[in-house]
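Quick notes on the structure that follows.
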Protein chains: 2
Amino acid sequence: MPYFKYNMKDIEPVIASIKTEAAVIDQYMRKDLDALAPDIDGLLYRVLEYGLFNGGKRIRPLLLVLSARLCGDNKEDAYRLGCAFEYLHAATLFHDDIIDNSTFRRGKQSVFKKFGTVAAILAGDFLHALAMEIVGKYCSSDGLKIFCNATRGMVDGEFMQLRNADKHNLSELDYHDAIMGKTGLLIAAACEIGAIYGGGDINSITALREYGVNLGCAFQIIDDLLDYQGDPAITGKAVGNDFFEGKMTLPLILTINNAEKEERSRLLDLLKMKKIETDCFKEVYAIITRCCGFKKAKDKALAAVDNALDALSVFEKKDVLAERGVLEGLAHYVLIRKK
Amino acid sequence: MPYFKYNMKDIEPVIASIKTEAAVIDQYMRKDLDALAPDIDGLLYRVLEYGLFNGGKRIRPLLLVLSARLCGDNKEDAYRLGCAFEYLHAATLFHDDIIDNSTFRRGKQSVFKKFGTVAAILAGDFLHALAMEIVGKYCSSDGLKIFCNATRGMVDGEFMQLRNADKHNLSELDYHDAIMGKTGLLIAAACEIGAIYGGGDINSITALREYGVNLGCAFQIIDDLLDYQGDPAITGKAVGNDFFEGKMTLPLILTINNAEKEERSRLLDLLKMKKIETDCFKEVYAIITRCCGFKKAKDKALAAVDNALDALSVFEKKDVLAERGVLEGLAHYVLIRKK
């Protein structure tokens with residue numbers, strides 16, 4: 001499997017390229033906001049500026065632009081279309097922070113904590129409509145359908161999470177559905193719509209969608225692993241949040257499904273206690289390690305990245321190898337990232 | 001002016017026709033929901049069913065269907081497109097009820113009171129995306145642009161209201177902008193998009209947009225008058241809510257702009273008290289009456305209806321007179337409605 005050879009140093013050129021592209025995307029977003037400014041309320045403008053320009057990596061617009069290029073498109077408008085994905089992403093974050101009562105986002109106050117619930121709901125709705133309008137402008141109704149379907153799927157996933165909040169016997173399939181809603185659908189839509197916009201044939205479109213689905217899954221699994229194993233000095237977050245909140249993520253699901261009866265019931269007891277002590281977390285960590293929950297989850301992420309890389313194999317032409325290289329590098333980066 | 005001759009009895013056939021059409025629109029909405037059911041979470045389904053089927057008059061879909069017919073379209077798909085306007089309308093109500101902390105909507109618990117804030121935010125987002133998808137399916141990107149612009153304008157209007165919440169020197173222009181955001185934009189968009197969808201020429205499109213803008217304004221002015229003058233046994237709401245909440249609506253704006261110094265400062269004092277007594281409301285009512293605030297506001301509504309009727313004069317062909325008659329009747333109904 002090719003990814004084993006990768007380490008942070010191999011990825012550095014890819015990260016540099018992502019940063020350069022993110023700066024370009026930021027410029028397009030800034031132009032959009034400047035164009036809106038004369039027609040919108042001052043407070044709405046401030047909320048949008050605060051919520052949109054927060055040092056985000058602009059991965060979704062980047063995936064759209066790269067997918068379009070892989071399919072032969074090199075027009076500037078791909079950046080404009082790409083921004084729609086960042087707007088929709090931001091809209092969901094504005095609303096999610098209310099839903100999860102999250103105080104912080106990327107080390108700053110969340111929009112709803114800073115500007116209040118009303119402003120966060122409304123600004124999310126505004127960005128939502130802006131995103132749809134842009135996709136409608138640059139894409140056929142097929143593209144818009146994929147975009148709207150992804151949005152609806154994300155909402156449906158949140159409802160599923162509400163329903164499963166107190167369920168401790170989640171299957172891997174439940175988890176897969178949940179992470180698709182959380183991350184996978186929009187990332188896959190960015191790749192698929194990019195391919196359609198770029199004029200790709202059906203094989204290219206399917207390949208990029210497949211890449212996106214797997215990239216999104218790997219991303220979310222690693223995110224869930226970092227919640228147990230991350231270095232708080234790097235991630236900026238304390239470990240064990242998911243467990244303390246009773247959230248069933250993959251390392252835990254794989255452990256509970258495979259543990260002996262005694263360890264399983266001990267884990268479930270600890271899970272029900274919610275706000276547990278540090279000593280208990282050490283115990284949880286030890287049980288998951290013993291049952292290979294972390295290793296198995298990591299293997300799933302590796303397999304997803306492998307699938308993502310396989311999907312890209314249809315792009316063989318020399319003139320798109322650079323773009324393919326960035327997408328490959330991105331998939332590797334997802335695996336080895338520390339935050 | 002033609003509207004003076006109208007009374008409730010003249011309008012009865014129009015109301016019967018609206019009710020028949022509303023039942024047809026309900027059937028299309030039910031089909032949409034049935035088609036969604038297998039793919040969405042059970043709770044989301046229940047929220048949508050509860051929030052969508054609440055005895056609404058389906059005015060926005062109806063306006064779209066009639067506008068399309070006036071421009072020569074008689075296809076069934078107009079109903080399907082029309083539903084998008086009801087979905088967007090419902091989405092804004094789900095979110096508005098959170099924003100205004102409204103316990104009731106049409107005599108039932110509001111969605112957010114019954115299912116909670118999280119479900120109301122998410123179900124609104126779902127309907128939002130569904131509405132955009134439908135408009136994208138049946139309209140050109142021009143139609144979607146009008147729809148998204150209306151949505152963004154509605155949000156912008158809410159921000160303006162936030163900003164003006166404690167301002168007591170609102171101008172008529174501020175009020176006009178506020179009611180456009182609240183009602184006018186989406187109603188005008190239903191008429192305009194209906195005309196575009198129906199294949200209308202530029203004159204027809206402009207005429208129907210003009211009709212919609214004026215209908216929306218008249219509707220909202222009468223709504224604001226009913227808040228002072230309505231019969232609680234018919235409206236189901238106590239009088240004076242807007243004043244108690246410090247809301248500056250047209251009767252009050254026209255009074256304050258025209259009152260003598262003493263009465264103006266008395267009104268402003270009462271307004272600042274917010275939760276005032278019944279006796280005080282009688283005093284407020286008397287001052288507004290003395291300054292002709294109610295009459296002047298009613299005159300503005302009459303003028304708006306007159307403009308709406310004038311706009312329809314371009315539709316002279318015999319085969320669309322029935323549709324034109326319903327739109328005319330609707331404009332008259334807005335004026336004489338008691339709730």
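In the structure tokens, chains take letters A, B, ... by order of appearance, with residues numbered from 1 within each chain and ligands from 1 in the order shown.
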
Give me, as a list in words, all polymer residues having an atom no more than 7 Å from stretch 128-143 of chain B, counting only C-alpha atoms and skipping those fewer than 2 positions away in the same chain.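 Residues meeting the cut-off are Met132, Gly136, Lys137, Ser141, Leu144, Lys145, Cys148, Thr151 and Arg152 of chain A; Leu81, Ala84, Phe85, Tyr87, Leu88, Ala91, Gly124, Asp125, Phe126, Lys145, Ile146, Phe147, Ile193 and Tyr197 of chain B.
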
Quick one: DSSP helix (DSSP H, G or I) residues in stretch 110-325 of chain B, as a ChimeraX atom specification? /B:111-115,117-138,141-164,172-197,202-229,232-235,241-244,250-258,261-272,278-290,293-314,318-325

Once chain B is fitted onto chain A by least squares over all its in-order Cα atoms, send the moved chain as a tab-separated table (two decimals) with C-alpha atoms, in the first residue's frame.
```tsv
chain	number	residue	atom	x	y	z
B	1	MET	CA	-0.05	-0.06	0.04
B	2	PRO	CA	1.57	3.18	-1.14
B	3	TYR	CA	0.68	5.33	1.85
B	4	PHE	CA	3.06	3.70	4.27
B	5	LYS	CA	6.00	5.43	2.71
B	6	TYR	CA	4.56	8.88	3.36
B	7	ASN	CA	5.51	11.12	6.24
B	8	MET	CA	5.03	14.79	7.01
B	9	LYS	CA	8.11	15.81	5.02
B	10	ASP	CA	6.85	14.19	1.80
B	11	ILE	CA	3.61	16.07	2.19
B	12	GLU	CA	5.17	19.51	2.63
B	13	PRO	CA	4.99	20.54	-1.06
B	14	VAL	CA	1.33	19.49	-1.10
B	15	ILE	CA	0.59	21.55	2.00
B	16	ALA	CA	2.36	24.54	0.44
B	17	SER	CA	0.25	24.15	-2.68
B	18	ILE	CA	-2.95	23.90	-0.61
B	19	LYS	CA	-2.01	27.09	1.25
B	20	THR	CA	-1.38	28.97	-2.00
B	21	GLU	CA	-4.74	27.88	-3.40
B	22	ALA	CA	-6.50	28.73	-0.13
B	23	ALA	CA	-5.19	32.29	-0.42
B	24	VAL	CA	-6.62	32.54	-3.95
B	25	ILE	CA	-9.98	31.21	-2.76
B	26	ASP	CA	-9.95	33.74	0.07
B	27	GLN	CA	-9.53	36.51	-2.50
B	28	TYR	CA	-12.59	35.33	-4.41
B	29	MET	CA	-14.60	35.11	-1.21
B	30	ARG	CA	-13.48	38.62	-0.29
B	31	LYS	CA	-14.64	39.88	-3.71
B	32	ASP	CA	-18.06	38.27	-3.16
B	33	LEU	CA	-18.37	39.91	0.25
B	34	ASP	CA	-17.29	43.30	-1.10
B	35	ALA	CA	-19.90	43.02	-3.85
B	36	LEU	CA	-22.60	42.21	-1.28
B	37	ALA	CA	-21.58	44.96	1.16
B	38	PRO	CA	-23.55	47.91	-0.30
B	39	ASP	CA	-26.81	45.93	-0.27
B	40	ILE	CA	-26.74	44.23	3.11
B	41	ASP	CA	-27.15	45.29	6.70
B	42	GLY	CA	-23.94	46.26	8.50
B	43	LEU	CA	-24.40	43.66	11.24
B	44	LEU	CA	-25.00	40.90	8.68
B	45	TYR	CA	-21.78	41.97	6.93
B	46	ARG	CA	-19.82	41.77	10.17
B	47	VAL	CA	-21.22	38.32	11.00
B	48	LEU	CA	-20.34	37.02	7.53
B	49	GLU	CA	-16.84	38.47	7.62
B	50	TYR	CA	-16.19	37.08	11.09
B	51	GLY	CA	-17.60	33.66	10.28
B	52	LEU	CA	-16.06	33.25	6.82
B	53	PHE	CA	-12.53	34.54	7.35
B	54	ASN	CA	-11.34	32.37	10.18
B	55	GLY	CA	-8.24	30.71	8.77
B	56	GLY	CA	-10.14	27.79	7.22
B	57	LYS	CA	-8.17	25.56	4.86
B	58	ARG	CA	-10.80	25.91	2.09
B	59	ILE	CA	-10.56	22.20	1.37
B	60	ARG	CA	-13.98	21.98	-0.27
B	61	PRO	CA	-13.43	24.78	-2.82
B	62	LEU	CA	-9.97	23.37	-3.47
B	63	LEU	CA	-11.41	19.92	-4.18
B	64	LEU	CA	-13.84	21.45	-6.63
B	65	VAL	CA	-11.14	23.41	-8.46
B	66	LEU	CA	-8.78	20.41	-8.66
B	67	SER	CA	-11.57	18.07	-9.79
B	68	ALA	CA	-12.56	20.50	-12.54
B	69	ARG	CA	-8.92	20.75	-13.67
B	70	LEU	CA	-8.51	16.98	-13.67
B	71	CYS	CA	-11.42	16.89	-16.10
B	72	GLY	CA	-9.87	19.50	-18.36
B	73	ASP	CA	-11.29	22.81	-17.11
B	74	ASN	CA	-8.92	25.65	-16.32
B	75	LYS	CA	-11.29	28.58	-16.15
B	76	GLU	CA	-11.24	31.05	-13.30
B	77	ASP	CA	-14.96	30.55	-12.68
B	78	ALA	CA	-14.16	27.24	-10.99
B	79	TYR	CA	-12.92	29.31	-8.04
B	80	ARG	CA	-16.19	31.25	-7.99
B	81	LEU	CA	-18.18	28.02	-8.02
B	82	GLY	CA	-15.85	26.56	-5.39
B	83	CYS	CA	-16.69	29.38	-2.97
B	84	ALA	CA	-20.27	28.09	-2.85
B	85	PHE	CA	-19.00	25.02	-1.01
B	86	GLU	CA	-17.25	27.15	1.58
B	87	TYR	CA	-20.44	29.21	2.04
B	88	LEU	CA	-22.56	26.13	2.55
B	89	HIS	CA	-19.94	24.68	4.88
B	90	ALA	CA	-19.89	27.89	6.92
B	91	ALA	CA	-23.71	27.96	7.00
B	92	THR	CA	-23.78	24.47	8.49
B	93	LEU	CA	-21.12	25.42	11.05
B	94	PHE	CA	-23.11	28.52	12.12
B	95	HIS	CA	-26.15	26.31	12.73
B	96	ASP	CA	-24.20	23.34	14.16
B	97	ASP	CA	-22.58	25.53	16.80
B	98	ILE	CA	-26.04	26.52	18.03
B	99	ILE	CA	-27.16	22.90	17.98
B	100	ASP	CA	-24.07	21.66	19.85
B	101	ASN	CA	-23.87	24.76	22.05
B	102	SER	CA	-20.21	25.13	20.98
B	103	THR	CA	-18.46	28.13	22.43
B	104	PHE	CA	-15.37	28.01	20.22
B	105	ARG	CA	-14.56	27.38	16.59
B	106	ARG	CA	-10.94	27.43	15.41
B	107	GLY	CA	-9.79	29.07	18.62
B	108	LYS	CA	-12.23	31.99	18.32
B	109	GLN	CA	-15.70	32.44	19.77
B	110	SER	CA	-18.28	30.69	17.60
B	111	VAL	CA	-20.60	32.95	15.60
B	112	PHE	CA	-23.56	32.21	17.82
B	113	LYS	CA	-21.63	32.94	21.02
B	114	LYS	CA	-20.30	36.20	19.62
B	115	PHE	CA	-23.37	37.52	17.78
B	116	GLY	CA	-26.23	35.51	19.34
B	117	THR	CA	-28.51	32.74	18.15
B	118	VAL	CA	-30.71	34.96	15.99
B	119	ALA	CA	-27.79	36.34	13.97
B	120	ALA	CA	-26.26	32.87	13.60
B	121	ILE	CA	-29.52	31.34	12.30
B	122	LEU	CA	-30.11	34.19	9.87
B	123	ALA	CA	-26.54	34.49	8.58
B	124	GLY	CA	-26.54	30.72	8.00
B	125	ASP	CA	-29.75	31.03	5.97
B	126	PHE	CA	-28.21	33.88	3.99
B	127	LEU	CA	-25.10	31.87	3.10
B	128	HIS	CA	-27.27	28.88	2.28
B	129	ALA	CA	-29.20	30.88	-0.33
B	130	LEU	CA	-26.01	32.47	-1.65
B	131	ALA	CA	-24.41	29.05	-2.11
B	132	MET	CA	-27.42	27.66	-3.98
B	133	GLU	CA	-27.56	30.73	-6.21
B	134	ILE	CA	-23.89	30.34	-7.20
B	135	VAL	CA	-24.26	26.62	-7.92
B	136	GLY	CA	-27.38	27.38	-10.00
B	137	LYS	CA	-25.41	29.99	-11.93
B	138	TYR	CA	-22.45	27.82	-12.89
B	139	CYS	CA	-24.00	24.34	-13.03
B	140	SER	CA	-26.83	22.55	-14.72
B	141	SER	CA	-29.82	21.59	-12.61
B	142	ASP	CA	-28.08	18.20	-12.20
B	143	GLY	CA	-25.23	19.91	-10.34
B	144	LEU	CA	-27.67	21.84	-8.17
B	145	LYS	CA	-29.54	18.63	-7.43
B	146	ILE	CA	-26.35	16.97	-6.14
B	147	PHE	CA	-25.59	20.04	-4.04
B	148	CYS	CA	-29.09	20.23	-2.56
B	149	ASN	CA	-29.17	16.49	-2.00
B	150	ALA	CA	-25.91	16.73	-0.06
B	151	THR	CA	-27.40	19.52	2.04
B	152	ARG	CA	-30.52	17.53	2.75
B	153	GLY	CA	-28.43	14.47	3.53
B	154	MET	CA	-26.41	16.46	6.05
B	155	VAL	CA	-29.62	17.51	7.82
B	156	ASP	CA	-30.94	13.98	7.75
B	157	GLY	CA	-27.64	12.80	9.29
B	158	GLU	CA	-28.08	15.27	12.15
B	159	PHE	CA	-31.56	13.91	12.83
B	160	MET	CA	-30.11	10.41	12.88
B	161	GLN	CA	-27.54	11.59	15.43
B	162	LEU	CA	-30.31	13.07	17.58
B	163	ARG	CA	-32.09	9.74	17.46
B	164	ASN	CA	-28.94	7.77	18.24
B	165	ALA	CA	-27.70	10.14	20.95
B	166	ASP	CA	-28.38	7.70	23.77
B	167	LYS	CA	-27.92	4.47	21.84
B	168	HIS	CA	-24.78	2.55	22.78
B	169	ASN	CA	-25.14	-0.33	20.37
B	170	LEU	CA	-24.37	1.55	17.17
B	171	SER	CA	-23.21	-0.54	14.24
B	172	GLU	CA	-20.38	0.36	11.90
B	173	LEU	CA	-23.05	1.06	9.31
B	174	ASP	CA	-24.73	3.62	11.59
B	175	TYR	CA	-21.32	5.23	12.08
B	176	HIS	CA	-20.67	5.27	8.35
B	177	ASP	CA	-24.03	6.97	7.70
B	178	ALA	CA	-23.30	9.51	10.43
B	179	ILE	CA	-19.88	10.49	9.10
B	180	MET	CA	-21.19	10.64	5.53
B	181	GLY	CA	-23.72	13.21	6.71
B	182	LYS	CA	-21.17	15.09	8.78
B	183	THR	CA	-18.33	15.31	6.25
B	184	GLY	CA	-18.55	12.88	3.36
B	185	LEU	CA	-21.56	14.16	1.43
B	186	LEU	CA	-20.36	17.73	0.96
B	187	ILE	CA	-16.78	16.68	0.17
B	188	ALA	CA	-18.04	14.11	-2.33
B	189	ALA	CA	-20.37	16.73	-3.83
B	190	ALA	CA	-17.45	19.16	-4.26
B	191	CYS	CA	-15.50	16.52	-6.20
B	192	GLU	CA	-18.49	15.32	-8.24
B	193	ILE	CA	-19.78	18.79	-9.13
B	194	GLY	CA	-16.20	19.86	-9.97
B	195	ALA	CA	-15.97	16.92	-12.38
B	196	ILE	CA	-19.33	17.74	-13.97
B	197	TYR	CA	-18.46	21.43	-14.22
B	198	GLY	CA	-15.09	20.52	-15.74
B	199	GLY	CA	-16.79	18.51	-18.46
B	200	GLY	CA	-15.62	15.11	-17.24
B	201	ASP	CA	-17.03	11.90	-18.71
B	202	ILE	CA	-19.05	9.50	-16.58
B	203	ASN	CA	-15.94	7.55	-15.52
B	204	SER	CA	-14.18	10.68	-14.32
B	205	ILE	CA	-17.28	11.89	-12.47
B	206	THR	CA	-17.73	8.53	-10.74
B	207	ALA	CA	-14.01	8.34	-9.90
B	208	LEU	CA	-13.94	11.77	-8.29
B	209	ARG	CA	-17.12	11.13	-6.36
B	210	GLU	CA	-15.57	7.88	-5.09
B	211	TYR	CA	-12.40	9.74	-4.14
B	212	GLY	CA	-14.46	12.33	-2.25
B	213	VAL	CA	-16.56	9.81	-0.34
B	214	ASN	CA	-13.45	7.95	0.81
B	215	LEU	CA	-11.49	11.09	1.61
B	216	GLY	CA	-14.40	12.32	3.74
B	217	CYS	CA	-14.62	9.02	5.61
B	218	ALA	CA	-10.87	8.87	6.27
B	219	PHE	CA	-10.92	12.48	7.43
B	220	GLN	CA	-13.70	11.86	9.94
B	221	ILE	CA	-12.23	8.60	11.28
B	222	ILE	CA	-8.90	10.35	11.93
B	223	ASP	CA	-10.81	13.22	13.54
B	224	ASP	CA	-12.47	10.75	15.87
B	225	LEU	CA	-9.11	9.06	16.61
B	226	LEU	CA	-7.51	12.43	17.43
B	227	ASP	CA	-10.25	12.97	19.98
B	228	TYR	CA	-8.75	10.03	21.90
B	229	GLN	CA	-5.11	10.14	20.86
B	230	GLY	CA	-4.35	13.72	19.81
B	231	ASP	CA	-1.82	15.91	21.56
B	232	PRO	CA	-3.82	18.70	23.26
B	233	ALA	CA	-0.88	21.08	22.73
B	234	ILE	CA	-1.28	20.57	18.96
B	235	THR	CA	-5.02	19.98	18.54
B	236	GLY	CA	-5.98	22.71	21.00
B	237	LYS	CA	-8.63	20.36	22.44
B	238	ALA	CA	-8.61	18.14	25.52
B	239	VAL	CA	-8.71	14.43	24.82
B	240	GLY	CA	-11.76	12.29	25.53
B	241	ASN	CA	-14.49	14.81	24.71
B	242	ASP	CA	-16.42	12.37	22.55
B	243	PHE	CA	-16.39	9.71	25.26
B	244	PHE	CA	-17.35	12.18	28.00
B	245	GLU	CA	-20.29	13.30	25.85
B	246	GLY	CA	-21.36	9.69	25.32
B	247	LYS	CA	-20.60	9.84	21.58
B	248	MET	CA	-20.10	6.49	19.89
B	249	THR	CA	-17.27	6.91	17.40
B	250	LEU	CA	-15.45	4.18	15.47
B	251	PRO	CA	-12.71	3.20	17.99
B	252	LEU	CA	-15.39	2.69	20.63
B	253	ILE	CA	-17.87	0.95	18.30
B	254	LEU	CA	-15.20	-1.52	17.15
B	255	THR	CA	-14.18	-2.13	20.78
B	256	ILE	CA	-17.69	-2.69	22.09
B	257	ASN	CA	-18.53	-5.00	19.16
B	258	ASN	CA	-15.44	-7.14	19.88
B	259	ALA	CA	-14.84	-6.89	23.64
B	260	GLU	CA	-15.46	-9.69	26.11
B	261	LYS	CA	-18.68	-9.34	28.11
B	262	GLU	CA	-16.99	-7.91	31.21
B	263	GLU	CA	-15.02	-5.18	29.47
B	264	ARG	CA	-18.00	-4.27	27.33
B	265	SER	CA	-20.26	-3.73	30.32
B	266	ARG	CA	-17.53	-1.77	32.12
B	267	LEU	CA	-17.19	0.53	29.06
B	268	LEU	CA	-20.97	1.00	28.85
B	269	ASP	CA	-21.13	1.85	32.54
B	270	LEU	CA	-18.39	4.45	32.14
B	271	LEU	CA	-20.11	5.84	29.04
B	272	LYS	CA	-23.37	6.35	30.93
B	273	MET	CA	-21.57	8.33	33.64
B	274	LYS	CA	-20.84	11.01	31.01
B	275	LYS	CA	-18.59	13.53	32.84
B	276	ILE	CA	-15.98	11.00	34.03
B	277	GLU	CA	-12.61	11.48	35.76
B	278	THR	CA	-9.17	11.45	34.13
B	279	ASP	CA	-8.41	8.12	35.79
B	280	CYS	CA	-11.47	6.61	34.18
B	281	PHE	CA	-10.40	7.92	30.80
B	282	LYS	CA	-7.07	6.10	31.26
B	283	GLU	CA	-9.05	2.93	31.90
B	284	VAL	CA	-11.21	3.51	28.80
B	285	TYR	CA	-8.10	4.16	26.73
B	286	ALA	CA	-6.51	0.94	27.99
B	287	ILE	CA	-9.58	-1.17	27.19
B	288	ILE	CA	-9.85	0.25	23.67
B	289	THR	CA	-6.13	-0.34	23.12
B	290	ARG	CA	-6.39	-3.92	24.42
B	291	CYS	CA	-9.32	-4.63	22.10
B	292	CYS	CA	-7.39	-3.06	19.17
B	293	GLY	CA	-10.14	-0.44	18.73
B	294	PHE	CA	-7.64	2.26	17.74
B	295	LYS	CA	-5.73	-0.01	15.39
B	296	LYS	CA	-8.89	-1.29	13.72
B	297	ALA	CA	-10.22	2.23	13.26
B	298	LYS	CA	-6.90	3.38	11.80
B	299	ASP	CA	-7.00	0.40	9.43
B	300	LYS	CA	-10.43	1.53	8.23
B	301	ALA	CA	-9.04	5.00	7.57
B	302	LEU	CA	-6.09	3.47	5.70
B	303	ALA	CA	-8.43	1.36	3.61
B	304	ALA	CA	-10.55	4.42	2.79
B	305	VAL	CA	-7.44	6.33	1.67
B	306	ASP	CA	-6.43	3.34	-0.41
B	307	ASN	CA	-9.83	3.40	-2.10
B	308	ALA	CA	-9.52	7.14	-2.67
B	309	LEU	CA	-6.10	6.68	-4.33
B	310	ASP	CA	-7.36	3.78	-6.43
B	311	ALA	CA	-10.23	5.89	-7.71
B	312	LEU	CA	-7.75	8.48	-9.02
B	313	SER	CA	-6.01	5.90	-11.19
B	314	VAL	CA	-8.29	6.72	-14.14
B	315	PHE	CA	-6.50	10.06	-14.50
B	316	GLU	CA	-3.40	9.03	-16.42
B	317	LYS	CA	-2.77	11.91	-18.79
B	318	LYS	CA	0.51	13.73	-18.18
B	319	ASP	CA	-1.02	17.20	-18.22
B	320	VAL	CA	-3.09	16.51	-15.10
B	321	LEU	CA	-0.55	14.61	-13.03
B	322	ALA	CA	0.20	17.69	-10.93
B	323	GLU	CA	-3.47	17.99	-9.91
B	324	ARG	CA	-3.70	14.28	-9.29
B	325	GLY	CA	-0.57	14.58	-7.12
B	326	VAL	CA	-2.20	17.22	-4.93
B	327	LEU	CA	-5.33	15.09	-4.47
B	328	GLU	CA	-3.13	12.10	-3.58
B	329	GLY	CA	-1.09	14.20	-1.20
B	330	LEU	CA	-4.27	15.49	0.41
B	331	ALA	CA	-5.42	11.94	1.04
B	332	HIS	CA	-2.09	11.11	2.68
B	333	TYR	CA	-2.17	14.29	4.68
B	334	VAL	CA	-5.55	13.33	6.11
B	335	LEU	CA	-3.93	10.19	7.53
B	336	ILE	CA	-0.88	11.74	9.13
B	337	ARG	CA	-2.30	15.03	10.28
B	338	LYS	CA	-1.91	15.81	13.95
B	339	LYS	CA	-4.77	18.32	14.19
```

Identify, with DSSP run on backbone atoms, the residues in stretch 79-285 of chain A assigned to strand (DSSP E or B), and express the list as a list in words.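 Taking stretch 79-285 of chain A and keeping strand (DSSP E or B) gives Phe104, Arg105, Lys108 and Gln109 of chain A.
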